[in-house]
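Asks: Below: one structure in structure tokens.
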Amino acid sequence: MEDDRTGTGSAVTQLGHPAVSALSVVDAGVEALAAANVWSMSDRELLAVRVDAEATRGRLDAVVLGLTREIDGRGAAVRAGASSTAAWLRGCCRQRPAIAHAEVRLAGELDRDLPALAAALAAGQVSHESARVVAGTLASLPVGVDAATRARGEAFLVDQARRYDAAAVATLGRHLLERLDPARGADLEREEARRAQAEAFTVTHDVYGGRRVTGRFTPENGATLDAALEVLAGPRPGPDGEPDPRSPEKRRADALMLLVCWGLTSDQMPETGGEAVTMTVVTTPGHLQTRTSHSSDHHGDHHGDRPTNRAEHDDVGGVCDPVEGCGRTPRSWRTAPRCPRRPPAGWAATAGWWPRSSTPPAPCSTSGAGPGSCPPRCAAR
């Protein structure tokens with residue numbers, strides 16, 4: 001009886017071919033790895049194993065591509081009844097049409113034209129996704145590019161793929177095309193100019209005084225923003241090692257506000273054309289009286305009989321509404337002081353790294369409370 005997927009007898013698995021035996025060993029190893037109690041590993045060991053597993057996956061991808069290349073080269077899928085190797089991959093390996101065609105194409109390119117990329121993939125140094133990006137970039141080179149230049153371009157992209165992810169490699173590949181194809185370079189320049197003109201940043205005010213922001217940046221400016229936020233938006237454990245309760249979205253918002261606060265304290269910030277932030281607080285006479293009494297009692301407990309400086313201790317100063325009068329809801333105006341002149345020492349603009357000897361400062365707080373905030377409010381000049 002023939003196997004429905006291969007068109008060959010099931011006895012093929014009994015031949016004991018080295019490839020079949022090796023695949024059985026790989027399956028057994030994967031089962032053992034899945035059953036391993038990784039929870040007992042240290043953080044360092046766990047991270048190292050994950051990196052090694054990524055390299056192993058790359059090597060396995062290279063083997064899979066080699067199998068696909070052999071199937072397509074000898075026409076085995078067509079003899080089994082499929083219209084093409086890609087169609088066989090869709091039916092038997094449950095791949096999407098685009099993925100199946102891309103696999104067949106990459107397998108052939110690695111075998112014929114890309115020896116350096118094939119070696120790096122087989123060594124687990126380059127991911128499957130990066131390999132597709134490199135192969136696609138080199139396939140887009142104009143016909144007039146000589147073999148030596150193609151080889152240099154391949155070596156360059158493979159080296160970058162060892163260091164960066166597929167998105168970064170794709171960006172470097174576009175610049176390579178720009179250098180080697182004048183016509184395509186002109187198109188890329190026009191596209192980059194269009195993206196630069198399309199940059200936008202919008203701040204919308206809601207009815208409660210909050211802000212909603214939307215925007216779009218060029219790849220270069222977006223990468224700059226990513227690098228700045230990545231180093232500041234990481235989780236910060238508490239003093240006793242408790243996890244950071246903030247969500248990733250909240251951490252990014254805090255990081256952005258910290259960058260804004262540091263920018264406001266920079267010597268490069270213009271001194272003219274702006275004014276300090278003014279906070280308008282709506283409250284009631286009873287609340288003002290309660291706050292004033294509490295401030296006086298608290299001041300007396302700790303500072304003797306020195307008169308209370310209301311502007312120093314109260315969050316809200318008491319002046320009557322000039323329109324509604326003192327008998328109704330009063331309002332107060334208070335100018336927020338500026339942030340410190342310099343960012344905290346020890347900050348390093350390196351993604352994912354912060355000196356262990358220093359504690360990352362918290363973003364500027366609108367309430368003026370909390371460690372690391374710009375006391376008590378961050379204000380524009």
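Each chain in the structure tokens gets a letter, A, B, ..., in the order shown, and its residues are numbered from 1; ligands are numbered from 1 in order too.
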Mind listing the strand (DSSP E) residues of segment 154-258 of chain A, per DSSP on the backbone, as a ChimeraX atom specification?

Replies: /A:200-205,211-216

Asks: Just the selected residues (N, CA, C and O atoms), exported as a CSV table (one decimal), in the first residue's frame, please.

Replies:
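Saved the output as again.csv:
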```
chain,number,residue,atom,x,y,z
A,200,ALA,N,4.9,63.0,10.8
A,200,ALA,CA,3.9,63.8,11.5
A,200,ALA,C,3.8,63.4,13.0
A,200,ALA,O,4.1,62.3,13.3
A,201,PHE,N,3.5,64.4,13.8
A,201,PHE,CA,3.3,64.1,15.2
A,201,PHE,C,2.1,65.0,15.7
A,201,PHE,O,2.2,66.2,15.6
A,202,THR,N,1.1,64.4,16.2
A,202,THR,CA,-0.1,65.1,16.6
A,202,THR,C,-0.4,64.9,18.0
A,202,THR,O,-0.4,63.7,18.5
A,203,VAL,N,-0.8,65.9,18.7
A,203,VAL,CA,-1.2,65.9,20.1
A,203,VAL,C,-2.6,66.4,20.2
A,203,VAL,O,-2.9,67.5,19.8
A,204,THR,N,-3.5,65.5,20.7
A,204,THR,CA,-4.9,65.9,20.8
A,204,THR,C,-5.3,66.0,22.3
A,204,THR,O,-4.9,65.2,23.1
A,205,HIS,N,-6.0,67.1,22.6
A,205,HIS,CA,-6.4,67.3,24.0
A,205,HIS,C,-7.8,66.8,24.2
A,205,HIS,O,-8.7,67.0,23.4
A,211,ARG,N,-3.7,64.0,27.1
A,211,ARG,CA,-3.2,64.2,25.8
A,211,ARG,C,-3.2,62.8,25.1
A,211,ARG,O,-2.8,61.8,25.7
A,212,ARG,N,-3.6,62.8,23.9
A,212,ARG,CA,-3.5,61.6,23.1
A,212,ARG,C,-2.6,61.9,21.9
A,212,ARG,O,-2.8,62.9,21.2
A,213,VAL,N,-1.6,61.1,21.7
A,213,VAL,CA,-0.6,61.4,20.6
A,213,VAL,C,-0.6,60.3,19.5
A,213,VAL,O,-0.9,59.1,19.8
A,214,THR,N,-0.5,60.7,18.3
A,214,THR,CA,-0.3,59.8,17.2
A,214,THR,C,0.8,60.4,16.3
A,214,THR,O,1.1,61.6,16.3
A,215,GLY,N,1.4,59.6,15.6
A,215,GLY,CA,2.5,60.1,14.7
A,215,GLY,C,3.1,59.0,13.8
A,215,GLY,O,2.7,57.8,13.8
A,216,ARG,N,4.0,59.5,13.0
A,216,ARG,CA,4.6,58.6,12.0
A,216,ARG,C,6.0,59.2,11.8
A,216,ARG,O,6.2,60.4,11.6
```

Asks: Ala147 of chain A: which residues within 12 Å, counting only C-alpha atoms, same-chain residues fewer than 6 positions away excluded, as a PyMOL selection string?

Replies: chain A and resi 113-114+138+141+153-154

Asks: Selection from above, N, CA, C and O atoms, as a compact mmCIF listing (two decimals), in the first residue's frame, can you write it?

Replies:
```
# COMPACT_ATOMS: atom_id res chain seq x y z
N ASP A 113 23.84 29.85 -6.09
CA ASP A 113 24.45 31.18 -6.18
C ASP A 113 24.99 31.74 -4.87
O ASP A 113 25.70 32.76 -4.90
N LEU A 114 24.64 31.19 -3.73
CA LEU A 114 24.94 31.85 -2.46
C LEU A 114 25.70 30.91 -1.51
O LEU A 114 25.18 30.48 -0.48
N LEU A 138 20.01 40.14 -3.03
CA LEU A 138 20.98 39.81 -4.08
C LEU A 138 20.29 39.46 -5.39
O LEU A 138 20.82 39.74 -6.47
N LEU A 141 19.62 42.59 -7.54
CA LEU A 141 20.71 43.34 -8.15
C LEU A 141 20.56 43.35 -9.67
O LEU A 141 20.10 42.37 -10.26
N GLY A 153 28.98 41.76 -2.10
CA GLY A 153 27.70 42.14 -1.51
C GLY A 153 27.14 41.03 -0.64
O GLY A 153 26.59 41.29 0.44
N GLU A 154 27.27 39.77 -1.09
CA GLU A 154 26.80 38.64 -0.29
C GLU A 154 27.57 38.55 1.03
O GLU A 154 26.97 38.38 2.10
```

Asks: For segment 85-111 of chain A against segment 67-70 of chain A, with a cut-off of 12 Å and counting only C-alpha atoms, what is the closest atom pair and its distance in Å to one decimal for every residue that makes the cut, ordered by chain and number, as a Markdown table?

Replies:
```
| residue | atom | partner | partner_atom | distance |
| --- | --- | --- | --- | --- |
| A:Thr85 | CA | A:Thr68 | CA | 7.9 |
| A:Ala86 | CA | A:Thr68 | CA | 9.3 |
| A:Trp88 | CA | A:Thr68 | CA | 10.4 |
| A:Leu89 | CA | A:Thr68 | CA | 8.9 |
| A:Cys93 | CA | A:Thr68 | CA | 11.3 |
| A:Ala100 | CA | A:Thr68 | CA | 9.9 |
| A:His101 | CA | A:Thr68 | CA | 10.9 |
| A:Ala102 | CA | A:Thr68 | CA | 11.1 |
| A:Glu103 | CA | A:Thr68 | CA | 7.7 |
| A:Val104 | CA | A:Thr68 | CA | 6.5 |
| A:Arg105 | CA | A:Arg69 | CA | 8.8 |
| A:Leu106 | CA | A:Arg69 | CA | 8.7 |
| A:Ala107 | CA | A:Arg69 | CA | 5.1 |
| A:Gly108 | CA | A:Arg69 | CA | 5.9 |
| A:Glu109 | CA | A:Arg69 | CA | 9.3 |
| A:Leu110 | CA | A:Arg69 | CA | 8.9 |
| A:Asp111 | CA | A:Arg69 | CA | 7.6 |
```

Asks: Please provide as JSON, numbers by chain all residues within 10 Å of Leu188 of chain A, with the sequence filter that same-chain residues fewer than 5 positions apart are discarded (counting only C-alpha atoms).

Replies: {"A": [174, 175, 177, 178, 182, 183, 193, 194]}

Asks: Using Å and a single decimal, report how far atom CA of Val63 of chain A sits from atom CA of Thr149 of chain A.

Replies: 28.1 Å

Asks: Here is a test: counting only C-alpha atoms, which residue of A:Val30, A:Leu23, A:Ala135, A:Ala55 is nearest to Ala118 of chain A?

Replies: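 So, comparing all the options, the nearest one is A:Ala135.
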